[in-house]
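Source file: target_11.txt; contents: compact mmCIF, C-alpha atoms and all ligand atoms.
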# COMPACT_ATOMS: atom_id res chain seq x y z
CA ARG R 11 278.75 170.30 132.93
CA THR R 12 276.07 167.73 133.62
CA VAL R 13 275.32 164.07 132.97
CA ARG R 14 272.26 165.32 131.08
CA ASP R 15 274.55 167.14 128.59
CA ARG R 16 276.83 164.11 128.24
CA LEU R 17 273.88 161.84 127.46
CA ALA R 18 272.40 164.36 125.05
CA ALA R 19 275.58 164.13 122.94
CA GLY R 20 274.23 160.80 121.69
CA THR R 21 277.32 158.57 121.99
CA PRO R 22 277.32 155.90 124.70
CA VAL R 23 278.82 157.20 127.94
CA ILE R 24 281.16 155.06 130.03
CA SER R 25 280.76 155.84 133.73
CA LEU R 26 282.45 154.52 136.84
CA GLU R 27 281.28 154.01 140.40
CA PHE R 28 283.51 154.34 143.46
CA MET R 29 282.79 153.91 147.14
CA PRO R 30 283.81 156.56 149.69
CA PRO R 31 287.00 155.79 151.64
CA ARG R 32 286.89 154.67 155.26
CA THR R 33 290.60 155.17 156.07
CA THR R 34 293.47 157.35 154.80
CA ASN R 35 294.92 154.31 152.99
CA ASP R 36 291.59 153.76 151.27
CA ALA R 37 291.51 157.40 150.23
CA ASP R 38 294.96 157.13 148.62
CA ARG R 39 294.01 153.95 146.76
CA ILE R 40 290.79 155.47 145.46
CA ARG R 41 292.56 158.54 144.17
CA ARG R 42 295.21 156.37 142.48
CA ASN R 43 292.60 154.15 140.82
CA VAL R 44 290.36 157.04 139.79
CA ARG R 45 293.45 158.56 138.15
CA LYS R 46 294.26 155.28 136.38
CA LEU R 47 290.76 155.18 134.93
CA GLU R 48 290.90 158.80 133.77
CA SER R 49 292.46 157.55 130.51
CA LEU R 50 289.17 155.78 129.69
CA ARG R 51 287.69 159.28 129.48
CA PRO R 52 284.58 158.41 131.48
CA GLY R 53 281.50 160.57 130.96
CA PHE R 54 281.11 160.72 134.76
CA VAL R 55 282.38 159.14 137.96
CA SER R 56 279.91 158.49 140.76
CA VAL R 57 280.70 158.22 144.47
CA THR R 58 278.32 156.18 146.62
CA TYR R 59 276.83 157.26 149.93
CA GLY R 60 277.44 155.10 153.01
CA ALA R 61 274.48 153.46 154.70
CA GLY R 62 272.69 156.05 156.79
CA GLY R 63 275.10 158.77 155.69
CA SER R 64 277.96 157.15 157.65
CA THR R 65 280.62 158.27 155.17
CA ARG R 66 278.88 161.42 153.98
CA ASP R 67 281.87 163.77 154.43
CA ASN R 68 284.15 161.32 152.62
CA THR R 69 281.70 161.16 149.72
CA ILE R 70 281.80 164.94 149.37
CA ASP R 71 285.61 165.01 149.74
CA VAL R 72 286.18 162.51 146.92
CA ALA R 73 283.62 164.20 144.68
CA ALA R 74 285.09 167.66 145.34
CA TRP R 75 288.59 166.31 144.56
CA ILE R 76 287.33 164.83 141.27
CA ALA R 77 285.69 168.16 140.41
CA GLN R 78 288.76 170.25 141.23
CA ASP R 79 291.79 168.07 140.46
CA THR R 80 290.76 165.85 137.55
CA THR R 81 289.16 166.28 134.15
CA MET R 82 286.22 164.09 135.18
CA LEU R 83 282.65 164.89 136.15
CA PRO R 84 281.63 163.73 139.65
CA VAL R 85 278.17 162.47 140.59
CA VAL R 86 277.31 162.16 144.27
CA HIS R 87 274.86 159.47 145.47
CA LEU R 88 272.58 160.79 148.19
CA THR R 89 270.11 158.80 150.29
CA ALA R 90 267.28 159.94 152.55
CA VAL R 91 268.13 157.41 155.31
CA ASP R 92 268.12 158.95 158.77
CA HIS R 93 268.07 162.50 157.45
CA SER R 94 265.58 165.25 158.13
CA VAL R 95 264.47 167.44 155.23
CA GLN R 96 266.51 170.22 156.84
CA GLU R 97 269.70 168.09 156.74
CA LEU R 98 269.08 167.07 153.15
CA ARG R 99 268.66 170.73 152.20
CA SER R 100 271.90 171.70 153.89
CA PHE R 101 273.71 168.77 152.24
CA ALA R 102 272.42 169.95 148.87
CA GLY R 103 273.84 173.40 149.70
CA ALA R 104 277.23 171.87 150.62
CA LEU R 105 277.29 169.99 147.32
CA ALA R 106 276.58 173.13 145.34
CA ASP R 107 279.36 174.93 147.28
CA ALA R 108 281.80 172.10 146.42
CA GLY R 109 280.97 172.51 142.73
CA VAL R 110 278.98 169.26 142.51
CA VAL R 111 275.74 169.66 140.54
CA ASN R 112 275.16 166.00 139.61
CA VAL R 113 273.32 163.93 142.20
CA LEU R 114 271.91 160.38 142.16
CA ALA R 115 268.81 160.67 144.35
CA LEU R 116 268.04 157.49 146.32
CA ARG R 117 265.83 156.57 149.17
CA GLY R 118 268.44 154.20 150.64
CA ASP R 119 268.04 151.13 152.84
CA PRO R 120 267.98 150.77 156.61
CA PRO R 121 271.67 150.33 157.56
CA GLY R 122 272.84 146.72 157.10
CA ASP R 123 269.60 145.46 155.57
CA VAL R 124 268.58 145.68 151.90
CA THR R 125 265.28 143.89 152.46
CA GLY R 126 264.28 145.09 155.96
CA GLU R 127 261.42 147.47 156.66
CA TRP R 128 262.07 151.06 155.64
CA VAL R 129 262.03 153.45 158.59
CA ARG R 130 261.42 157.08 157.73
CA HIS R 131 263.15 159.85 159.71
CA PRO R 132 260.34 161.65 161.64
CA ASP R 133 261.08 164.86 159.71
CA GLY R 134 262.35 163.10 156.60
CA LEU R 135 261.19 161.66 153.29
CA THR R 136 259.47 158.42 152.36
CA TYR R 137 260.38 157.93 148.69
CA ALA R 138 263.23 158.87 146.35
CA SER R 139 260.75 160.82 144.20
CA GLU R 140 260.48 163.35 147.08
CA LEU R 141 264.26 163.73 147.12
CA VAL R 142 264.18 164.40 143.38
CA THR R 143 261.64 167.16 144.02
CA LEU R 144 263.71 168.57 146.93
CA LEU R 145 266.85 168.75 144.76
CA ARG R 146 264.96 170.28 141.86
CA GLU R 147 263.51 172.96 144.16
CA HIS R 148 266.86 173.65 145.78
CA GLY R 149 268.88 174.51 142.75
CA ASP R 150 270.06 173.63 139.31
CA PHE R 151 270.97 170.01 139.98
CA CYS R 152 271.13 167.31 137.33
CA VAL R 153 269.37 164.41 139.04
CA GLY R 154 269.64 160.67 138.41
CA VAL R 155 267.59 157.88 140.03
CA ALA R 156 267.82 154.11 140.54
CA ALA R 157 266.07 151.46 138.43
CA PHE R 158 265.60 147.78 139.21
CA PRO R 159 265.52 145.19 136.38
CA HIS R 160 264.11 142.54 138.77
CA ARG R 161 261.84 145.12 140.47
CA HIS R 162 262.85 146.58 143.81
CA PRO R 163 263.27 143.83 146.44
CA ARG R 164 260.48 145.43 148.50
CA SER R 165 258.02 145.91 145.61
CA ILE R 166 255.16 143.46 145.63
CA SER R 167 254.51 143.65 141.88
CA VAL R 168 256.39 144.55 138.71
CA GLU R 169 253.45 146.76 137.65
CA GLY R 170 253.58 148.80 140.88
CA ASP R 171 257.36 149.08 140.63
CA THR R 172 257.08 150.34 137.05
CA ALA R 173 254.44 152.94 138.00
CA HIS R 174 256.55 154.23 140.91
CA PHE R 175 259.65 154.41 138.74
CA VAL R 176 257.81 156.41 136.09
CA ALA R 177 256.45 158.78 138.79
CA LYS R 178 260.03 159.26 140.06
CA CYS R 179 261.18 160.18 136.55
CA ARG R 180 258.26 162.60 136.15
CA ALA R 181 259.26 164.28 139.43
CA GLY R 182 262.27 165.53 137.47
CA ALA R 183 264.87 162.79 136.96
CA ASP R 184 267.23 163.32 134.03
CA TYR R 185 268.37 159.70 133.78
CA ALA R 186 268.45 156.42 135.70
CA ILE R 187 271.13 153.87 136.56
CA THR R 188 270.11 150.25 137.11
CA GLN R 189 270.97 147.83 139.82
CA MET R 190 273.81 145.60 138.55
CA VAL R 191 272.89 143.63 135.41
CA PHE R 192 274.42 140.27 134.42
CA ASP R 193 271.99 139.30 131.67
CA ALA R 194 271.13 141.80 128.92
CA ASP R 195 267.57 140.46 128.69
CA ASP R 196 266.87 141.59 132.27
CA TYR R 197 267.81 145.15 131.26
CA LEU R 198 265.84 144.97 128.00
CA ARG R 199 262.68 143.77 129.76
CA LEU R 200 262.94 146.73 132.16
CA ARG R 201 263.47 149.17 129.29
CA ASP R 202 260.48 147.73 127.40
CA ARG R 203 258.24 148.06 130.48
CA ILE R 204 259.24 151.67 131.07
CA THR R 205 258.89 152.60 127.40
CA ALA R 206 255.45 150.93 127.27
CA ALA R 207 254.46 153.12 130.24
CA GLY R 208 255.24 156.19 128.12
CA CYS R 209 258.50 157.19 129.82
CA ASP R 210 261.63 157.99 127.81
CA THR R 211 264.11 158.74 130.63
CA PRO R 212 267.50 157.28 129.57
CA ILE R 213 268.32 154.16 131.60
CA ILE R 214 271.99 153.26 131.97
CA PRO R 215 272.72 149.61 132.82
CA ALA R 216 275.26 148.99 135.61
CA LEU R 217 277.84 146.23 135.22
CA MET R 218 280.03 144.56 137.78
CA PRO R 219 282.70 142.35 136.21
CA VAL R 220 282.98 139.14 138.24
CA THR R 221 286.59 138.66 139.33
CA THR R 222 286.20 136.13 142.16
CA MET R 223 283.51 133.71 143.34
CA LYS R 224 282.99 136.07 146.27
CA THR R 225 281.86 138.84 143.88
CA ILE R 226 278.90 136.65 142.89
CA ALA R 227 277.73 136.22 146.48
CA ARG R 228 278.32 139.91 147.10
CA SER R 229 276.25 140.89 144.07
CA GLU R 230 273.23 138.98 145.40
CA GLN R 231 273.72 140.43 148.85
CA LEU R 232 274.00 144.01 147.55
CA SER R 233 271.23 143.87 144.99
CA GLY R 234 268.74 141.46 146.54
CA ALA R 235 268.40 140.00 143.00
CA PRO R 236 269.42 136.50 141.87
CA PHE R 237 272.62 135.93 139.88
CA PRO R 238 271.52 134.30 136.57
CA PRO R 239 271.52 130.50 137.15
CA HIS R 240 272.95 129.70 133.68
CA LEU R 241 275.99 131.88 134.44
CA ALA R 242 276.28 130.66 138.04
CA GLU R 243 276.69 127.12 136.65
CA ARG R 244 279.55 128.18 134.38
CA PHE R 245 281.35 129.91 137.24
CA ALA R 246 280.75 126.96 139.57
CA ALA R 247 282.43 124.65 137.02
CA VAL R 248 285.73 126.59 137.34
CA ALA R 249 285.33 127.67 140.98
CA ASP R 250 288.58 125.95 142.06
CA ASP R 251 290.67 127.91 139.56
CA PRO R 252 290.76 131.65 140.48
CA ALA R 253 292.43 132.62 137.17
CA ALA R 254 289.71 130.83 135.18
CA VAL R 255 286.98 132.51 137.27
CA ARG R 256 288.49 135.91 136.56
CA ALA R 257 288.94 135.20 132.84
CA LEU R 258 285.31 134.05 132.55
CA GLY R 259 284.12 137.12 134.48
CA ILE R 260 285.96 139.52 132.17
CA GLU R 261 284.81 137.64 129.05
CA GLN R 262 281.18 137.74 130.23
CA ALA R 263 281.36 141.45 131.05
CA ILE R 264 282.76 142.17 127.56
CA LEU R 265 280.02 140.12 125.86
CA LEU R 266 277.34 141.77 128.00
CA SER R 267 278.71 145.26 127.22
CA GLN R 268 278.81 144.50 123.49
CA ARG R 269 275.23 143.21 123.48
CA LEU R 270 273.96 146.21 125.46
CA LEU R 271 275.76 148.64 123.15
CA ALA R 272 274.26 146.86 120.13
CA GLU R 273 270.85 147.38 121.78
CA GLY R 274 271.46 151.12 121.88
CA VAL R 275 272.01 151.77 125.60
CA PRO R 276 272.82 155.40 126.54
CA GLY R 277 275.89 154.26 128.48
CA LEU R 278 277.55 151.56 130.58
CA HIS R 279 278.07 152.18 134.30
CA PHE R 280 280.90 150.12 135.83
CA ILE R 281 280.85 149.29 139.54
CA THR R 282 284.58 149.25 140.31
CA PHE R 283 284.70 148.43 144.06
CA ASN R 284 287.53 150.98 143.99
CA PHE R 285 289.72 148.86 141.67
CA ALA R 286 290.86 149.81 138.17
CA ARG R 287 292.05 146.68 136.38
CA ALA R 288 288.88 144.74 135.54
CA THR R 289 287.05 147.82 134.23
CA THR R 290 290.08 148.79 132.13
CA GLU R 291 290.27 145.31 130.60
CA VAL R 292 286.57 145.31 129.70
CA VAL R 293 286.43 148.86 128.30
CA ALA R 294 289.63 148.29 126.26
CA GLU R 295 287.74 145.64 124.26
CA LEU R 296 284.79 147.86 123.42
CA ALA R 297 286.44 150.12 120.83
CA LEU R 298 284.33 153.06 121.96
CA ALA R 299 284.77 156.68 121.07
CA THR R 300 284.24 157.88 124.65
CA SER R 301 283.36 161.49 125.37
P1 LIG S 401 262.36 154.48 145.81
O1 LIG S 401 262.31 154.91 144.40
O2 LIG S 401 261.79 155.40 146.84
O3 LIG S 401 261.61 153.07 145.89
C1 LIG S 401 261.62 152.30 147.10
C2 LIG S 401 260.40 151.38 147.13
O4 LIG S 401 259.23 152.18 147.30
C3 LIG S 401 260.18 150.60 145.83
O5 LIG S 401 259.64 149.35 146.18
C4 LIG S 401 259.16 151.45 145.08
O6 LIG S 401 258.42 150.70 144.13
C5 LIG S 401 258.31 151.95 146.24
N1 LIG S 401 257.61 153.22 145.97
C6 LIG S 401 258.12 154.32 145.38
N2 LIG S 401 257.19 155.31 145.34
C7 LIG S 401 256.08 154.82 145.94
C8 LIG S 401 254.79 155.34 146.22
N3 LIG S 401 254.44 156.60 145.87
N4 LIG S 401 253.89 154.55 146.86
C9 LIG S 401 254.19 153.29 147.22
N5 LIG S 401 255.40 152.74 146.98
C10 LIG S 401 256.33 153.48 146.34
N6 LIG S 401 272.15 152.80 148.64
C11 LIG S 401 272.96 153.51 149.48
O7 LIG S 401 272.77 153.45 150.72
N7 LIG S 401 273.98 154.30 149.00
C12 LIG S 401 274.23 154.41 147.65
O8 LIG S 401 275.14 155.12 147.25
C13 LIG S 401 273.41 153.66 146.74
N8 LIG S 401 273.61 153.76 145.40
C14 LIG S 401 272.77 153.06 144.55
C15 LIG S 401 272.97 153.19 143.16
C16 LIG S 401 272.16 152.51 142.26
C17 LIG S 401 272.39 152.67 140.78
C18 LIG S 401 271.13 151.66 142.75
C19 LIG S 401 270.26 150.89 141.80
C20 LIG S 401 270.93 151.52 144.14
C21 LIG S 401 271.73 152.23 145.05
N9 LIG S 401 271.54 152.13 146.43
C22 LIG S 401 272.35 152.85 147.28
C23 LIG S 401 270.49 151.29 146.99
C24 LIG S 401 269.13 152.02 147.12
O9 LIG S 401 269.24 153.08 148.04
C25 LIG S 401 268.11 151.01 147.62
O10 LIG S 401 267.92 150.01 146.67
C26 LIG S 401 266.78 151.56 148.10
O11 LIG S 401 266.07 150.50 148.76
C27 LIG S 401 265.85 152.01 147.00
O12 LIG S 401 266.11 153.25 146.65
P2 LIG S 401 265.21 153.98 145.52
O13 LIG S 401 265.88 155.26 145.35
O14 LIG S 401 265.01 153.12 144.34
O15 LIG S 401 263.81 154.10 146.30

Before anything else, please render the file you have as structure tokens.
Ligand code: FAD
Amino acid sequence: RTVRDRLAAGTPVISLEFMPPRTTNDADRIRRNVRKLESLRPGFVSVTYGAGGSTRDNTIDVAAWIAQDTTMLPVVHLTAVDHSVQELRSFAGALADAGVVNVLALRGDPPGDVTGEWVRHPDGLTYASELVTLLREHGDFCVGVAAFPHRHPRSISVEGDTAHFVAKCRAGADYAITQMVFDADDYLRLRDRITAAGCDTPIIPALMPVTTMKTIARSEQLSGAPFPPHLAERFAAVADDPAAVRALGIEQAILLSQRLLAEGVPGLHFITFNFARATTEVVAELALATS
């Protein structure tokens, strides 16, 4: 069972992203909310990888639990930060042992800094494309990669970013997931660029429904990309009314999902921040036959 197979089925795949737990309470909440979202019949559920591998064991634990105790397909995010090639190989082995064959291969950021200088481990990797190759050589993994509608914050040009993305796909990526998208046109411009470069790797847009004003600030901090000014204005106008902010956020996420589906996206990837309600409300409006 792989993401590749799910995407090949041709119907848009709903996927969910969770973060690894830091405490036992967190772990219980994640399991509860993953369970709640099981009824959406997601095509896959991804579990992120803490900066510098800080929550690596927790990432594997959650993914192994999803593989063994639920009907859902886990995807593990893996970054090259602070890891030697040897460590990455042994982590790949541990994943295979836990029954996880779906990996999102990322270079990662220096801990605590999405725009700071990248520092390679002396025996490690420099680019995500090398991690794709390592996973491909190691075993029968289904490998996803990251895509950036506004180009990667460290890329100096859109053209260079496009060329590197295409090279990463050619190294053996089965699909890509974007940085969070708030405006469908940002996604469509990325897709057009990649298609024009002769690459047909499926690119799944990621969505993060805005539920509080803080989510907006957090999105910019996490992605290094600007929140669309026309939307920021609409949220600012209701900033004093938390219920109105939430209602606008859900409405916008529904409209964005509908537009992206109409544009033929292979799936919609929801960043949940380990909550269930907002994603459920958005997906309920989409009238999708999920796989
Ligand atoms: P790369 O593809 O290696 O690109 C990094 C930079 O190098 C880009 O500017 C690229 O253009 C450039 N580049 C690539 N190849 C070359 C080359 N041959 N020559 C010159 N330049 C080149 N981070 C986490 O820590 N944990 C997570 O779980 C996590 N999940 C994520 C999920 C998604 C969907 C996304 C979009 C991001 C995620 N991130 C996560 C953040 C990600 O690790 C960072 O954005 C990181 O800075 C870039 O990773 P990458 O895999 O795109 O790197």

- [ ] Using only C-alpha atoms and all ligand atoms, determine which residues fall within 7 Å of ligand LIG 401 (chain S), then list them as JSON, numbers by chain.
- [x] {"R": [57, 58, 59, 60, 61, 62, 87, 88, 89, 115, 116, 117, 118, 119, 124, 136, 137, 138, 139, 155, 156, 157, 158, 162, 163, 164, 165, 170, 171, 174, 175, 178, 187, 188, 189, 216]}

Can you write out the residues you just picked, keeping C-alpha atoms, as a PDB file, in the frame of the given file?
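The resulting file, selection.pdb, is reproduced below:
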ATOM      1  CA  VAL R  57     280.700 158.220 144.470  1.00  0.00           C
ATOM      2  CA  THR R  58     278.320 156.180 146.620  1.00  0.00           C
ATOM      3  CA  TYR R  59     276.830 157.260 149.930  1.00  0.00           C
ATOM      4  CA  GLY R  60     277.440 155.100 153.010  1.00  0.00           C
ATOM      5  CA  ALA R  61     274.480 153.460 154.700  1.00  0.00           C
ATOM      6  CA  GLY R  62     272.690 156.050 156.790  1.00  0.00           C
ATOM      7  CA  HIS R  87     274.860 159.470 145.470  1.00  0.00           C
ATOM      8  CA  LEU R  88     272.580 160.790 148.190  1.00  0.00           C
ATOM      9  CA  THR R  89     270.110 158.800 150.290  1.00  0.00           C
ATOM     10  CA  ALA R 115     268.810 160.670 144.350  1.00  0.00           C
ATOM     11  CA  LEU R 116     268.040 157.490 146.320  1.00  0.00           C
ATOM     12  CA  ARG R 117     265.830 156.570 149.170  1.00  0.00           C
ATOM     13  CA  GLY R 118     268.440 154.200 150.640  1.00  0.00           C
ATOM     14  CA  ASP R 119     268.040 151.130 152.840  1.00  0.00           C
ATOM     15  CA  VAL R 124     268.580 145.680 151.900  1.00  0.00           C
ATOM     16  CA  THR R 136     259.470 158.420 152.360  1.00  0.00           C
ATOM     17  CA  TYR R 137     260.380 157.930 148.690  1.00  0.00           C
ATOM     18  CA  ALA R 138     263.230 158.870 146.350  1.00  0.00           C
ATOM     19  CA  SER R 139     260.750 160.820 144.200  1.00  0.00           C
ATOM     20  CA  VAL R 155     267.590 157.880 140.030  1.00  0.00           C
ATOM     21  CA  ALA R 156     267.820 154.110 140.540  1.00  0.00           C
ATOM     22  CA  ALA R 157     266.070 151.460 138.430  1.00  0.00           C
ATOM     23  CA  PHE R 158     265.600 147.780 139.210  1.00  0.00           C
ATOM     24  CA  HIS R 162     262.850 146.580 143.810  1.00  0.00           C
ATOM     25  CA  PRO R 163     263.270 143.830 146.440  1.00  0.00           C
ATOM     26  CA  ARG R 164     260.480 145.430 148.500  1.00  0.00           C
ATOM     27  CA  SER R 165     258.020 145.910 145.610  1.00  0.00           C
ATOM     28  CA  GLY R 170     253.580 148.800 140.880  1.00  0.00           C
ATOM     29  CA  ASP R 171     257.360 149.080 140.630  1.00  0.00           C
ATOM     30  CA  HIS R 174     256.550 154.230 140.910  1.00  0.00           C
ATOM     31  CA  PHE R 175     259.650 154.410 138.740  1.00  0.00           C
ATOM     32  CA  LYS R 178     260.030 159.260 140.060  1.00  0.00           C
ATOM     33  CA  ILE R 187     271.130 153.870 136.560  1.00  0.00           C
ATOM     34  CA  THR R 188     270.110 150.250 137.110  1.00  0.00           C
ATOM     35  CA  GLN R 189     270.970 147.830 139.820  1.00  0.00           C
ATOM     36  CA  ALA R 216     275.260 148.990 135.610  1.00  0.00           C
TER      37      ALA R 216
END

Within 10 Å of region 258-280 of chain R: each region 204-245 of chain R residue with its shortest pair, only C-alpha atoms, as a tab-separated table:
residue	atom	partner	partner_atom	distance
R:Pro212	CA	R:Pro276	CA	6.4
R:Ile213	CA	R:Pro276	CA	6.9
R:Ile214	CA	R:Gly277	CA	5.3
R:Pro215	CA	R:Leu278	CA	5.7
R:Ala216	CA	R:His279	CA	4.4
R:Leu217	CA	R:Phe280	CA	5.0
R:Met218	CA	R:Phe280	CA	6.0
R:Pro219	CA	R:Ala263	CA	5.4
R:Val220	CA	R:Gly259	CA	4.4
R:Thr221	CA	R:Gly259	CA	5.7
R:Thr222	CA	R:Gly259	CA	8.0
R:Met223	CA	R:Gly259	CA	9.5
R:Thr225	CA	R:Gly259	CA	9.8
R:Ile226	CA	R:Gly259	CA	9.9
R:Leu241	CA	R:Gln262	CA	8.9
R:Arg244	CA	R:Leu258	CA	8.4
R:Phe245	CA	R:Leu258	CA	7.4

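Of the residues listed (R:Pro52, R:Gly208, R:Pro238, R:Gly182), R:Pro238 shows the shortest atom-to-atom separation from Ala194 (chain R); distances use all atoms listed in the file.
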
- [ ] Kindly give the distance, in Å, that separates CA of Glu127 (chain R) and CA of Asp202 (chain R), rounded to a single decimal.
- [x] 29.3 Å

- [ ] Find the residue from R:Val191, R:Val176, R:Ala227, R:Ile24 that sits nearest to Met82 (chain R); use all atoms listed in the file when measuring.
- [x] R:Ile24

Open item on the list: Show me the residues around (287.5, 159.6, 131.7) - criterion: an atom at most 12 Å away, all atoms listed in the file counted - as a PyMOL selection string.
Closed with: chain R and resi 23-26+43-56+76+80-84+290+293+299-301

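Taking only C-alpha atoms into account, Ser229 (chain R) lies nearest to R:Ala242 out of the set R:Ala74, R:Ile204, R:Ala173, R:Ala242.
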
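Between His148 (chain R) and the candidates R:Pro22, R:Gly103, R:Gly109, R:Pro120, the tightest atom-to-atom separation, counting only C-alpha atoms, involves R:Gly103.
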
Open item on the list: Nearest residue to Leu98 (chain R) out of R:Asp36, R:Glu140, R:Asp195, R:Asp15, using only C-alpha atoms?
Closed with: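 Using only C-alpha atoms, Leu98 (chain R) sits closest to R:Glu140.
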
Open item on the list: Could you tell me how far CA of Thr211 (chain R) sits from CA of Ala186 (chain R), in Å to one decimal place?
Closed with: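 So the two atoms, CA of Ala186 (chain R) and CA of Thr211 (chain R), lie 7.1 Å apart.
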
Task: Atom-to-atom span, CA of Glu97 (chain R) and CA of Met29 (chain R), Å - done: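 Separation of CA of Glu97 (chain R) and CA of Met29 (chain R): 21.6 Å.
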
Task: Given only C-alpha atoms as the counted atoms, nearest of R:Phe285, R:Lys224, R:Phe192, R:Glu27 to His240 (chain R) - done: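 Of all the options, R:Phe192 lies closest to His240 (chain R).
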
Open item on the list: From (279.7, 160.5, 157.5), in the file's coordinates, out to 12 Å: which residues are reached, counting all atoms listed in the file? Answer as a list in words.
Closed with: Pro30, Pro31, Arg32, Thr58, Tyr59, Gly60, Ala61, Gly62, Gly63, Ser64, Thr65, Arg66, Asp67, Asn68, Thr69, Ile70, Asp71, Leu88, Asp92, His93 and Phe101 of chain R

Task: Distance query Leu200 (chain R) at most 8 Å, all atoms listed in the file, self and fewer than 3 positions along chain excluded, as a PyMOL selection string - done: chain R and resi 158-160+196-197+203-204

Open item on the list: I'd like the neighbourhood of Gly154 (chain R) as a ChimeraX atom specification, where a residue qualifies if any of its atoms comes within 7 Å (using all atoms listed in the file), though same-chain residues fewer than 6 positions away should be ignored.
Closed with: /R:113-115,183-186

Output the selection as a compact mmCIF listing (two decimals), keeping the file's coordinate frame - C-alpha atoms for each residue.
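Final file, again27.txt:
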# COMPACT_ATOMS: atom_id res chain seq x y z
CA VAL R 113 273.32 163.93 142.20
CA LEU R 114 271.91 160.38 142.16
CA ALA R 115 268.81 160.67 144.35
CA ALA R 183 264.87 162.79 136.96
CA ASP R 184 267.23 163.32 134.03
CA TYR R 185 268.37 159.70 133.78
CA ALA R 186 268.45 156.42 135.70

Open item on the list: I want to know what sits within 10 Å of Asp150 (chain R), based on all atoms listed in the file, with residues of the same chain fewer than 6 positions away left out; could you give that as a list in words?
Closed with: Ala106, Val111 and Asn112 of chain R

TODO: Write out as an MDAnalysis selection string the residues lying within 12 Å of Gln96 (chain R), counting all atoms listed in the file and excluding same-chain residues fewer than 4 positions away.
DONE: chainID R and resid 90 92 100:103 131:135 141 144 148
